[in-house]
file entry03.cif (mmCIF, C-alpha atoms and all ligand atoms)
data_target
loop_
_atom_site.label_atom_id
_atom_site.label_comp_id
_atom_site.auth_asym_id
_atom_site.auth_seq_id
_atom_site.Cartn_x
_atom_site.Cartn_y
_atom_site.Cartn_z
CA MET N 234 -8.45 -19.66 3.87
CA GLU N 235 -8.34 -20.92 7.46
CA LYS N 236 -11.36 -19.94 9.56
CA GLY N 237 -10.40 -17.20 11.94
CA LYS N 238 -11.99 -14.25 13.70
CA TYR N 239 -11.57 -12.00 10.67
CA SER N 240 -11.82 -14.52 7.84
CA GLU N 241 -15.00 -13.06 6.35
CA GLU N 242 -13.53 -9.55 6.31
CA LEU N 243 -10.24 -10.81 4.84
CA ASN N 244 -12.05 -12.75 2.14
CA VAL N 245 -13.97 -9.67 1.00
CA ALA N 246 -10.93 -7.40 1.32
CA VAL N 247 -8.76 -9.61 -0.88
CA ARG N 248 -11.40 -9.78 -3.61
CA VAL N 249 -12.05 -6.04 -3.49
CA VAL N 250 -8.33 -5.28 -3.78
CA HIS N 251 -8.13 -7.57 -6.82
CA MET N 252 -10.99 -5.60 -8.38
CA ALA N 253 -9.26 -2.31 -7.59
CA CYS N 254 -5.96 -3.51 -9.07
CA SER N 255 -7.69 -4.51 -12.24
CA MET N 256 -9.17 -1.02 -12.55
CA CYS N 257 -5.86 0.69 -11.72
CA GLU N 258 -4.09 -1.18 -14.48
CA LYS N 259 -6.60 0.08 -17.01
CA VAL N 260 -6.43 3.66 -15.76
CA GLN N 261 -2.62 3.60 -15.66
CA ARG N 262 -2.39 2.30 -19.20
CA GLN N 263 -4.79 4.98 -20.42
CA LEU N 264 -3.05 7.68 -18.43
CA LEU N 265 0.33 6.82 -19.85
CA SER N 266 -0.87 6.55 -23.38
CA THR N 267 -3.28 9.44 -23.71
CA ASN N 268 -4.66 11.48 -20.92
CA PRO N 269 -2.58 13.70 -18.63
CA ASP N 270 -5.79 15.54 -17.60
CA GLN N 271 -6.49 12.66 -15.29
CA VAL N 272 -3.80 13.89 -12.90
CA LYS N 273 -4.62 16.76 -10.52
CA SER N 274 -2.61 18.50 -7.84
CA LYS N 275 -4.13 18.63 -4.39
CA ASP N 276 -3.79 21.73 -2.21
CA ASP N 277 -0.62 20.31 -0.62
CA ASP N 278 0.83 19.84 -4.13
CA SER N 279 0.69 16.06 -3.98
CA LEU N 280 -0.85 14.29 -6.95
CA VAL N 281 -4.16 12.55 -7.24
CA THR N 282 -5.60 10.75 -10.25
CA VAL N 283 -8.86 9.27 -11.47
CA ALA N 284 -7.60 5.99 -10.01
CA ASP N 285 -7.29 7.33 -6.44
CA TRP N 286 -10.91 8.50 -6.30
CA SER N 287 -12.22 5.55 -8.29
CA VAL N 288 -10.54 2.98 -6.06
CA GLN N 289 -11.74 4.75 -2.94
CA ALA N 290 -15.33 4.89 -4.22
CA THR N 291 -15.26 1.25 -5.29
CA VAL N 292 -13.74 -0.12 -2.09
CA SER N 293 -16.03 2.02 0.04
CA TRP N 294 -19.12 0.92 -1.88
CA MET N 295 -18.15 -2.78 -1.77
CA LEU N 296 -17.34 -2.74 1.97
CA CYS N 297 -20.62 -0.98 2.73
CA LYS N 298 -22.45 -3.59 0.67
CA ALA N 299 -20.70 -6.53 2.34
CA PHE N 300 -20.88 -5.26 5.92
CA ASP N 301 -23.19 -3.03 7.90
CA SER N 302 -23.00 0.28 6.04
CA GLN N 303 -24.50 2.18 9.00
CA LYS N 304 -21.78 1.09 11.37
CA ILE N 305 -18.78 0.77 9.11
CA SER N 306 -15.83 3.10 9.71
CA ILE N 307 -13.40 3.74 6.86
CA VAL N 308 -10.29 5.90 7.10
CA ALA N 309 -8.92 6.74 3.67
CA GLU N 310 -6.70 9.24 1.95
CA GLU N 311 -8.96 11.08 -0.49
CA ASP N 312 -11.78 13.56 -0.04
CA ILE N 313 -14.18 15.09 -2.57
CA GLN N 314 -13.01 18.70 -2.41
CA THR N 315 -11.29 18.84 -5.81
CA LEU N 316 -13.70 16.44 -7.45
CA SER N 317 -16.81 18.45 -6.50
CA LYS N 318 -15.58 21.71 -8.03
CA SER N 319 -17.47 22.84 -11.10
CA GLU N 320 -14.29 22.76 -13.22
CA SER N 321 -13.81 19.07 -12.32
CA LYS N 322 -16.93 17.92 -14.22
CA SER N 323 -15.04 15.91 -16.81
CA LEU N 324 -12.81 14.39 -14.14
CA LEU N 325 -15.88 13.35 -12.16
CA ALA N 326 -17.37 11.84 -15.31
CA MET N 327 -14.20 9.75 -15.76
CA VAL N 328 -14.43 8.58 -12.15
CA VAL N 329 -18.11 7.67 -12.55
CA SER N 330 -17.32 5.67 -15.64
CA ALA N 331 -14.28 3.88 -14.10
CA VAL N 332 -16.18 3.00 -10.91
CA ASN N 333 -19.21 1.64 -12.75
CA ALA N 334 -17.03 -0.41 -15.10
CA CYS N 335 -15.19 -1.84 -12.09
CA LEU N 336 -18.35 -2.58 -10.06
CA ALA N 337 -19.89 -4.33 -13.07
CA GLU N 338 -17.02 -6.82 -12.81
CA ALA N 339 -17.80 -7.70 -9.15
CA PRO N 340 -19.37 -11.10 -9.99
CA ARG N 341 -16.16 -12.17 -11.73
CA PHE N 342 -14.48 -11.72 -8.34
CA GLY N 343 -17.22 -13.58 -6.48
CA LEU N 344 -18.86 -10.43 -5.12
CA GLN N 345 -22.14 -8.66 -5.72
CA GLY N 346 -22.14 -5.26 -7.37
CA PRO N 347 -24.98 -2.73 -7.59
CA GLU N 348 -28.17 -3.57 -9.47
CA LYS N 349 -28.06 -0.27 -11.37
CA THR N 350 -25.12 1.89 -12.35
CA LEU N 351 -24.26 4.50 -9.71
CA ASP N 352 -24.70 8.19 -10.43
CA ALA N 353 -22.19 10.93 -9.58
CA SER N 354 -23.81 11.79 -6.25
CA GLN N 355 -23.74 8.17 -5.08
CA ILE N 356 -20.08 7.96 -6.04
CA LEU N 357 -19.20 11.18 -4.23
CA GLU N 358 -21.09 9.83 -1.23
CA ALA N 359 -19.07 6.60 -1.30
CA ILE N 360 -15.83 8.61 -1.39
CA SER N 361 -16.87 10.86 1.48
CA LYS N 362 -18.04 7.89 3.52
CA CYS N 363 -14.31 7.29 4.17
CA SER N 364 -13.85 10.30 6.42
CA SER N 365 -13.52 8.41 9.67
CA THR N 366 -10.51 9.35 11.78
CA GLY N 367 -10.01 5.89 13.29
CA GLY N 368 -9.01 5.69 16.92
CA ARG N 369 -8.45 3.41 19.86
CA LEU N 370 -11.77 1.59 19.98
CA GLY N 371 -13.66 -0.58 17.54
CA ARG N 372 -13.07 -1.64 13.98
CA HIS N 373 -11.76 0.74 11.33
CA TRP N 374 -10.95 -0.05 7.74
CA VAL N 375 -7.87 1.82 6.54
CA LEU N 376 -7.39 2.45 2.84
CA ASP N 377 -4.73 4.03 0.67
CA PRO N 378 -6.46 3.77 -2.70
CA VAL N 379 -3.29 4.38 -4.71
CA ASP N 380 -0.18 4.49 -2.58
CA GLY N 381 2.79 5.86 -4.48
CA THR N 382 0.79 8.08 -6.81
CA LEU N 383 4.05 9.38 -8.23
CA GLY N 384 5.06 5.83 -9.15
CA PHE N 385 1.60 5.32 -10.63
CA VAL N 386 1.76 8.33 -12.95
CA ARG N 387 5.29 7.37 -14.00
CA GLY N 388 4.28 3.84 -14.99
CA ASP N 389 6.23 2.47 -12.06
CA GLN N 390 5.46 0.75 -8.74
CA TYR N 391 2.37 1.60 -6.67
CA ALA N 392 0.04 -0.25 -4.33
CA VAL N 393 -3.60 -0.51 -3.31
CA ALA N 394 -3.47 -0.91 0.46
CA LEU N 395 -6.38 -2.05 2.60
CA ALA N 396 -6.14 -2.92 6.28
CA MET N 397 -8.45 -3.31 9.22
CA ILE N 398 -7.70 -2.08 12.73
CA ASP N 399 -9.54 -3.55 15.69
CA ASP N 400 -9.18 -1.84 19.06
CA GLY N 401 -5.99 -0.12 17.90
CA GLU N 402 -4.27 -3.18 16.41
CA VAL N 403 -3.90 -3.93 12.72
CA VAL N 404 -5.65 -7.29 12.24
CA ILE N 405 -5.92 -7.59 8.45
CA GLY N 406 -3.48 -6.44 5.80
CA VAL N 407 -4.04 -6.63 2.04
CA LEU N 408 -1.64 -5.10 -0.45
CA GLY N 409 -2.32 -5.10 -4.18
CA CYS N 410 0.84 -4.51 -6.20
CA PRO N 411 -0.12 -4.46 -9.88
CA ASN N 412 3.42 -3.87 -11.18
CA TYR N 413 5.28 -6.13 -8.78
CA PRO N 414 7.39 -8.62 -10.73
CA VAL N 415 6.31 -11.94 -9.28
CA LYS N 416 9.13 -14.08 -10.63
CA ASP N 417 12.11 -14.71 -8.30
CA ASP N 418 14.41 -11.75 -7.76
CA GLY N 419 11.85 -9.65 -9.56
CA LEU N 420 12.27 -6.20 -8.08
CA ASN N 421 16.05 -6.30 -8.24
CA LYS N 422 15.94 -7.21 -11.87
CA TYR N 423 13.15 -4.78 -12.56
CA SER N 424 15.03 -1.81 -11.13
CA GLN N 425 17.84 -2.43 -13.59
CA GLN N 426 15.63 -2.92 -16.59
CA ASN N 427 12.66 -0.71 -15.81
CA VAL N 428 10.41 -2.44 -18.26
CA VAL N 429 7.32 -2.95 -16.16
CA MET N 430 4.74 -1.77 -18.65
CA SER N 431 5.88 -4.13 -21.34
CA ARG N 432 5.80 -7.04 -18.91
CA ILE N 433 2.23 -6.55 -17.73
CA SER N 434 0.74 -8.30 -20.69
CA SER N 435 3.05 -11.28 -20.19
CA GLY N 436 1.58 -11.86 -16.71
CA GLU N 437 5.00 -11.60 -15.07
CA VAL N 438 3.92 -8.74 -12.87
CA GLY N 439 1.11 -8.13 -10.43
CA CYS N 440 -0.03 -9.71 -7.20
CA VAL N 441 -2.14 -9.30 -4.10
CA MET N 442 -0.51 -10.14 -0.76
CA TYR N 443 -2.59 -10.67 2.37
CA THR N 444 -2.49 -11.79 5.96
CA SER N 445 -4.34 -11.67 9.26
CA LYS N 446 -2.91 -10.98 12.68
CA GLY N 447 -1.55 -13.94 14.57
CA SER N 448 -1.83 -16.32 11.61
CA ARG N 449 1.97 -16.39 11.21
CA LYS N 450 1.26 -16.79 7.53
CA ALA N 451 1.22 -14.38 4.63
CA TRP N 452 0.08 -15.18 1.12
CA MET N 453 0.56 -13.95 -2.41
CA GLN N 454 -1.87 -14.42 -5.27
CA PRO N 455 -1.23 -13.44 -8.88
CA LEU N 456 -3.60 -10.85 -10.38
CA ILE N 457 -6.17 -12.33 -12.67
CA ARG N 458 -6.39 -10.74 -16.08
CA SER N 459 -8.62 -10.62 -19.15
CA ASP N 460 -11.99 -12.17 -18.38
CA LYS N 461 -10.79 -14.99 -16.11
CA ARG N 462 -12.80 -15.63 -12.94
CA PHE N 463 -11.35 -15.32 -9.49
CA GLU N 464 -11.61 -18.72 -7.78
CA TRP N 465 -10.37 -19.01 -4.22
CA PRO N 466 -7.51 -19.69 -3.41
CA ASN N 467 -6.46 -18.31 -6.79
CA SER N 468 -3.02 -19.99 -6.79
CA ALA N 469 -2.11 -18.45 -3.42
CA LYS N 470 1.45 -19.13 -2.33
CA LEU N 471 2.91 -18.67 1.13
CA ILE N 472 5.47 -15.92 1.36
CA GLN N 473 8.19 -15.51 3.96
CA VAL N 474 10.88 -13.06 4.86
CA SER N 475 14.47 -13.71 3.83
CA SER N 476 16.73 -15.72 6.14
CA ILE N 477 19.77 -13.55 5.33
CA ASP N 478 21.13 -11.95 8.49
CA ASP N 479 24.60 -10.98 7.27
CA PRO N 480 24.54 -7.22 6.56
CA ALA N 481 27.02 -7.66 3.74
CA LEU N 482 24.44 -9.73 1.84
CA ALA N 483 21.37 -7.74 2.84
CA THR N 484 19.41 -5.44 0.54
CA LEU N 485 18.08 -2.11 1.79
CA CYS N 486 14.86 -0.63 0.42
CA GLU N 487 14.02 3.05 0.66
CA PRO N 488 11.68 5.60 -0.93
CA VAL N 489 12.60 6.92 -4.37
CA GLU N 490 11.92 10.50 -3.32
CA LYS N 491 14.54 11.93 -1.02
CA SER N 492 11.96 14.42 0.22
CA ASN N 493 10.12 11.45 1.77
CA SER N 494 13.15 9.93 3.48
CA ASP N 495 16.68 11.15 4.14
CA HIS N 496 18.83 9.04 1.82
CA SER N 497 22.11 10.27 3.19
CA PHE N 498 21.22 9.48 6.81
CA ALA N 499 20.09 5.99 5.74
CA ALA N 500 23.36 5.59 3.80
CA GLY N 501 25.32 6.47 6.96
CA VAL N 502 23.39 3.87 8.98
CA ALA N 503 23.85 1.32 6.19
CA ASN N 504 27.57 1.98 6.18
CA THR N 505 27.88 1.64 9.96
CA VAL N 506 26.03 -1.67 9.87
CA GLY N 507 28.14 -2.97 6.99
CA LEU N 508 25.58 -3.08 4.18
CA ARG N 509 27.33 -3.29 0.82
CA LYS N 510 24.63 -3.53 -1.80
CA LYS N 511 23.20 -0.54 -3.60
CA PRO N 512 19.84 0.45 -2.06
CA LEU N 513 16.71 -0.58 -3.89
CA ARG N 514 14.62 2.57 -4.34
CA VAL N 515 10.98 1.75 -4.81
CA TYR N 516 7.77 3.79 -4.73
CA SER N 517 5.00 2.97 -2.27
CA MET N 518 4.31 0.15 0.13
CA VAL N 519 5.78 -2.25 -2.40
CA LYS N 520 8.85 -1.86 -0.13
CA TYR N 521 7.00 -3.72 2.64
CA ALA N 522 5.94 -6.30 0.06
CA ALA N 523 9.58 -6.82 -0.91
CA ILE N 524 10.55 -7.50 2.72
CA ALA N 525 7.57 -9.80 3.32
CA ARG N 526 8.38 -11.73 0.20
CA GLY N 527 12.06 -12.12 1.02
CA GLU N 528 13.46 -9.98 -1.77
CA ALA N 529 14.99 -7.38 0.50
CA GLU N 530 15.92 -7.47 4.18
CA ILE N 531 15.70 -3.89 5.41
CA TYR N 532 13.39 -0.91 4.85
CA MET N 533 14.38 2.37 6.47
CA ARG N 534 12.31 5.55 6.31
CA PHE N 535 13.37 8.83 7.90
CA ALA N 536 10.95 11.61 7.04
CA ARG N 537 11.95 15.21 7.66
CA SER N 538 11.35 16.47 11.15
CA GLY N 539 7.75 17.62 11.62
CA TYR N 540 6.26 15.27 8.99
CA LYS N 541 3.69 12.94 10.53
CA GLU N 542 3.38 9.51 8.95
CA LYS N 543 -0.18 8.45 8.17
CA ILE N 544 -1.66 5.10 9.12
CA TRP N 545 -2.83 4.25 5.58
CA ASP N 546 0.78 4.43 4.32
CA HIS N 547 1.84 1.63 6.68
CA ALA N 548 -0.94 -0.49 8.21
CA ALA N 549 -1.25 -3.22 5.57
CA GLY N 550 2.50 -3.44 4.88
CA VAL N 551 3.51 -3.61 8.54
CA LEU N 552 1.21 -6.56 9.27
CA LEU N 553 2.39 -8.38 6.14
CA VAL N 554 6.04 -8.09 7.18
CA GLN N 555 5.26 -9.18 10.75
CA GLU N 556 3.19 -12.20 9.79
CA ALA N 557 5.73 -13.23 7.14
CA GLY N 558 8.27 -13.43 9.99
CA GLY N 559 9.81 -9.95 10.08
CA MET N 560 9.91 -7.02 12.50
CA VAL N 561 8.68 -3.43 12.17
CA THR N 562 9.23 -0.71 14.77
CA ASP N 563 10.03 2.96 14.95
CA ALA N 564 13.69 3.94 15.07
CA GLY N 565 13.62 3.69 18.87
CA GLY N 566 12.62 0.03 18.60
CA ARG N 567 9.02 0.56 19.71
CA PRO N 568 5.94 -0.82 17.92
CA LEU N 569 4.06 1.58 15.63
CA ASP N 570 0.88 2.88 17.26
CA PHE N 571 -2.18 2.62 15.00
CA SER N 572 -4.61 3.57 17.76
CA LYS N 573 -4.26 7.36 17.73
CA GLY N 574 -6.26 8.38 14.69
CA ILE N 575 -4.94 9.04 11.21
CA TYR N 576 -1.33 9.67 12.23
CA LEU N 577 1.32 7.38 13.69
CA GLU N 578 1.57 9.60 16.77
CA GLY N 579 4.64 9.36 18.94
CA LEU N 580 6.77 7.86 16.20
CA ASP N 581 10.41 8.01 17.23
CA ARG N 582 12.44 9.42 14.30
CA GLY N 583 11.64 6.92 11.59
CA ILE N 584 10.45 3.46 10.62
CA ILE N 585 12.61 0.34 10.46
CA ALA N 586 11.31 -2.89 8.92
CA CYS N 587 13.62 -5.90 8.88
CA SER N 588 13.46 -9.54 7.92
CA GLY N 589 14.84 -10.60 11.29
CA PHE N 590 15.79 -9.66 14.82
CA LYS N 591 19.58 -9.55 14.34
CA LEU N 592 19.55 -7.07 11.47
CA HIS N 593 16.91 -5.03 13.24
CA GLN N 594 19.00 -4.75 16.41
CA LYS N 595 22.04 -3.64 14.42
CA ILE N 596 20.10 -0.98 12.53
CA ILE N 597 18.53 0.44 15.69
CA ALA N 598 21.94 0.62 17.37
CA ALA N 599 23.43 2.36 14.33
CA VAL N 600 20.57 4.89 14.24
CA TYR N 601 21.29 5.78 17.86
CA ALA N 602 24.98 6.12 17.14
CA SER N 603 24.46 8.34 14.08
CA TRP N 604 21.55 10.48 15.24
CA GLU N 605 23.36 13.11 17.25
CA SER N 606 25.59 14.06 14.35
CA SER N 607 22.73 14.20 11.82
CA ASN N 608 20.62 17.22 10.93
CA LEU N 609 17.27 15.45 11.20
N1 LIG N 701 7.46 14.65 3.24
C1 LIG N 701 7.08 13.39 3.31
N2 LIG N 701 7.78 12.51 4.06
C2 LIG N 701 7.42 11.23 4.12
N3 LIG N 701 6.38 10.69 3.44
C3 LIG N 701 5.66 11.51 2.68
C4 LIG N 701 5.96 12.89 2.56
N4 LIG N 701 5.07 13.44 1.73
C5 LIG N 701 4.24 12.45 1.34
N5 LIG N 701 4.58 11.28 1.92
C6 LIG N 701 3.92 9.99 1.80
O1 LIG N 701 4.77 9.07 1.14
C7 LIG N 701 3.96 8.21 0.38
C8 LIG N 701 4.78 7.58 -0.73
O2 LIG N 701 5.71 6.77 -0.13
P1 LIG N 701 7.10 6.43 -0.81
O3 LIG N 701 7.93 7.66 -0.75
O4 LIG N 701 7.58 5.34 0.08
O5 LIG N 701 6.82 6.00 -2.19
C9 LIG N 701 2.87 9.10 -0.13
O6 LIG N 701 1.74 8.32 -0.38
P2 LIG N 701 0.77 8.66 -1.65
O7 LIG N 701 1.56 8.45 -2.87
O8 LIG N 701 -0.31 7.68 -1.46
O9 LIG N 701 0.34 10.08 -1.45
C10 LIG N 701 2.64 10.08 1.01
O10 LIG N 701 1.59 9.72 1.86
MG MG N 702 0.23 6.67 0.39
#
call {"tool": "encode", "arguments": {"input": "entry03.cif", "output": "structure tokens", "more": "lines below"}}
Ligand SMILES: Nc1ncnc2c1ncn2[C@@H]1O[C@H](COP(=O)(O)O)[C@@H](OP(=O)(O)O)[C@H]1O
Ligand SMILES: [Mg+2]
result
Amino acid sequence: MEKGKYSEELNVAVRVVHMACSMCEKVQRQLLSTNPDQVKSKDDDSLVTVADWSVQATVSWMLCKAFDSQKISIVAEEDIQTLSKSESKSLLAMVVSAVNACLAEAPRFGLQGPEKTLDASQILEAISKCSSTGGRLGRHWVLDPVDGTLGFVRGDQYAVALAMIDDGEVVIGVLGCPNYPVKDDGLNKYSQQNVVMSRISSGEVGCVMYTSKGSRKAWMQPLIRSDKRFEWPNSAKLIQVSSIDDPALATLCEPVEKSNSDHSFAAGVANTVGLRKKPLRVYSMVKYAAIARGEAEIYMRFARSGYKEKIWDHAAGVLLVQEAGGMVTDAGGRPLDFSKGIYLEGLDRGIIACSGFKLHQKIIAAVYASWESSNL
């Protein structure tokens, strides 16, 4: 890794995300084969699993260990409300066991874990340590422990997303994508075959992508499996956005769930611009990964009116796309604002990520043209 202002933070973040991915794979396999009790509904009806809390506890603990735990600010998705209830005892026990198993592996990733196993209260403390609300000044880590929880519980795509914001700007982005097919044209092929789980053991899926602001470089490393040691640079390869700028050849990515983004509005925009290919519907920030890696050219997201996008669902992915050569703005063409706390305040209609300027301009123009006649 080149020495830069944030190289120490990036180094730790990449290793921690590798650790988290390794744990998520185990939990996902177990969840799919045996244990539906590991999934809980939160009060807003969204899902949360042992993996969400376990990743948050692990990342929080490791960041506090590596940096000044008194001063560190972490903004992350989960809290301990459900997990602290008396009926969640067995769930908490599963989290304690997953976190300790993961932390015990820290040396394999070149990091130092705890001297003794952590007890439930220490783990709850690590989870609640992530209750910062970010803001305009100073450094804030931003974590989505398992982005795309629905994809996760369905054995499909999900991501571990860790970013750092400094004075309102995203400066580090790390995205772990344990089910991302790393061979060429992977996601396209995968969506037709849907055979991710069977491919995990063959090592064809799974990577961590990372970048830092202004580096103009983004990297991808394969996940390490079994008892192999993580040795930097761990076969890192440069990734870059696609050079396709002809809409007829471009691939559009969008959320799987139409409740998260209006598919029919996006289809109208796609049609106006002249996109011909079938959209690639993918869970989680893996969509940003697909743009950064050059597998798709456009990601559009139009949430229903009134929904406020959260910074942890975008920070890491946005920086990856930008440093890999692409563009990300709101649907009015303005940069996303990560300086206003946990929400992307002031977001104009939706989010548009593109591999290049030309496609981006066309999409923005088409959004303007279609908006008045839409119901959004
Ligand atoms: N109504 C809504 N509109 C847009 N996004 C939503 C939403 N409800 C939830 N989300 C967010 O969409 C994320 C999943 O993105 P995608 O649809 O691209 O897979 C969820 O992340 P989690 O799965 O981490 O909760 C959640 O934060
Ligand atoms: Mg999320």
call {"tool": "closest_atom_pairs", "arguments": {"input": "entry03.cif", "of": "chain N", "to": "ligand LIG 701 (chain N)", "cutoff": "8 Å", "atoms": "all atoms listed in the file", "output": "Markdown table"}}
result
| residue | atom | partner | partner_atom | distance |
| --- | --- | --- | --- | --- |
| N:Ser279 | CA | N:LIG701 | O9 | 6.5 |
| N:Leu280 | CA | N:LIG701 | O9 | 7.0 |
| N:Val281 | CA | N:LIG701 | O9 | 7.7 |
| N:Glu310 | CA | N:LIG701 | O8 | 7.4 |
| N:Asp377 | CA | N:LIG701 | O8 | 6.1 |
| N:Pro378 | CA | N:LIG701 | O8 | 7.4 |
| N:Val379 | CA | N:LIG701 | O8 | 5.5 |
| N:Asp380 | CA | N:LIG701 | O8 | 3.4 |
| N:Gly381 | CA | N:LIG701 | O7 | 3.3 |
| N:Thr382 | CA | N:LIG701 | O7 | 4.0 |
| N:Leu383 | CA | N:LIG701 | O7 | 6.0 |
| N:Gly384 | CA | N:LIG701 | O5 | 7.2 |
| N:Tyr391 | CA | N:LIG701 | O5 | 7.7 |
| N:Glu487 | CA | N:LIG701 | O4 | 6.9 |
| N:Pro488 | CA | N:LIG701 | O4 | 4.2 |
| N:Val489 | CA | N:LIG701 | O3 | 6.0 |
| N:Glu490 | CA | N:LIG701 | O3 | 5.5 |
| N:Lys491 | CA | N:LIG701 | O3 | 7.9 |
| N:Ser492 | CA | N:LIG701 | N1 | 5.4 |
| N:Asn493 | CA | N:LIG701 | N2 | 3.4 |
| N:Ser494 | CA | N:LIG701 | C2 | 5.9 |
| N:Val515 | CA | N:LIG701 | O5 | 6.5 |
| N:Tyr516 | CA | N:LIG701 | O5 | 3.5 |
| N:Ser517 | CA | N:LIG701 | O5 | 3.5 |
| N:Met518 | CA | N:LIG701 | O4 | 6.1 |
| N:Lys520 | CA | N:LIG701 | O4 | 7.3 |
| N:Arg534 | CA | N:LIG701 | C2 | 7.8 |
| N:Phe535 | CA | N:LIG701 | C2 | 7.4 |
| N:Ala536 | CA | N:LIG701 | N2 | 4.4 |
| N:Arg537 | CA | N:LIG701 | N2 | 6.1 |
| N:Tyr540 | CA | N:LIG701 | N2 | 5.9 |
| N:Lys541 | CA | N:LIG701 | C2 | 7.6 |
| N:Glu542 | CA | N:LIG701 | N3 | 6.4 |
| N:Lys543 | CA | N:LIG701 | O10 | 6.7 |
| N:Trp545 | CA | N:LIG701 | O10 | 8.0 |
| N:Asp546 | CA | N:LIG701 | O10 | 5.9 |
call {"tool": "residues_near_point", "arguments": {"input": "entry03.cif", "point": "(2.7, -7.9, -1.2)", "cutoff": "12 Å", "atoms": "only C-alpha atoms", "output": "VMD selection string"}}
result
chain N and resid 247 250 390 to 395 406 to 415 420 438 to 444 451 to 456 469 to 474 517 to 528 549 to 554 556 to 557
call {"tool": "closest_residue", "arguments": {"input": "entry03.cif", "among": "N:Phe300, N:Phe385, N:Phe571, N:Phe590", "to": "ligand MG 702 (chain N)", "atoms": "all atoms listed in the file"}}
result
N:Phe385
call {"tool": "atom_distance", "arguments": {"input": "entry03.cif", "atom1": "atom CA of Ile597 of chain N", "atom2": "atom CA of Lys511 of chain N"}}
result
19.9 Å
call {"tool": "residues_around", "arguments": {"input": "entry03.cif", "residues": "segment 598-600 of chain N", "least_positions_apart": "4", "cutoff": "8 Å", "atoms": "all atoms listed in the file", "output": "PDB file with C-alpha atoms, in the frame of the given file"}}
result
ATOM      1  CA  VAL N 502      23.390   3.870   8.980  1.00  0.00           C
ATOM      2  CA  THR N 505      27.880   1.640   9.960  1.00  0.00           C
ATOM      3  CA  VAL N 506      26.030  -1.670   9.870  1.00  0.00           C
ATOM      4  CA  ALA N 564      13.690   3.940  15.070  1.00  0.00           C
ATOM      5  CA  GLN N 594      19.000  -4.750  16.410  1.00  0.00           C
ATOM      6  CA  TRP N 604      21.550  10.480  15.240  1.00  0.00           C
TER       7      TRP N 604
END
call {"tool": "closest_residue", "arguments": {"input": "entry03.cif", "among": "N:Ser365, N:Thr562, N:Ser255, N:Ser476", "to": "Lys304 of chain N", "atoms": "only C-alpha atoms"}}
result
N:Ser365
call {"tool": "residues_around", "arguments": {"input": "entry03.cif", "residues": "segment 335-337 of chain N", "least_positions_apart": "5", "cutoff": "7 Å", "atoms": "all atoms listed in the file", "output": "PyMOL selection string"}}
result
chain N and resi 252+256+291+346
call {"tool": "atom_distance", "arguments": {"input": "entry03.cif", "atom1": "atom CA of Cys486 of chain N", "atom2": "atom CA of Cys587 of chain N"}}
result
10.0 Å
call {"tool": "closest_residue", "arguments": {"input": "entry03.cif", "among": "N:Glu311, N:Ser448, N:Ala339, N:Leu370", "to": "ligand MG 702 (chain N)", "atoms": "only C-alpha atoms and all ligand atoms"}}
result
N:Glu311
call {"tool": "closest_residue", "arguments": {"input": "entry03.cif", "among": "N:Leu376, N:Ser240, N:Ser293, N:Asp563", "to": "ligand MG 702 (chain N)", "atoms": "all atoms listed in the file"}}
result
N:Leu376
call {"tool": "atom_distance", "arguments": {"input": "entry03.cif", "atom1": "atom CA of Ala334 of chain N", "atom2": "atom CA of Arg262 of chain N"}}
result
15.4 Å
call {"tool": "closest_residue", "arguments": {"input": "entry03.cif", "among": "N:Phe463, N:Tyr239, N:Tyr601, N:Trp286", "to": "Pro340 of chain N", "atoms": "all atoms listed in the file"}}
result
N:Phe463
call {"tool": "residues_around", "arguments": {"input": "entry03.cif", "residues": "Ile313 of chain N", "least_positions_apart": "6", "cutoff": "10 Å", "atoms": "only C-alpha atoms", "output": "MDAnalysis selection string"}}
result
chainID N and resid 286 325 356:361
call {"tool": "residues_around", "arguments": {"input": "entry03.cif", "residues": "Ser588 of chain N", "least_positions_apart": "6", "cutoff": "7 Å", "atoms": "only C-alpha atoms", "output": "count of residues only"}}
result
8
call {"tool": "closest_residue", "arguments": {"input": "entry03.cif", "among": "N:Asp570, N:Asp460, N:Asp478, N:Asp301", "to": "Ala548 of chain N", "atoms": "all atoms listed in the file"}}
result
N:Asp570
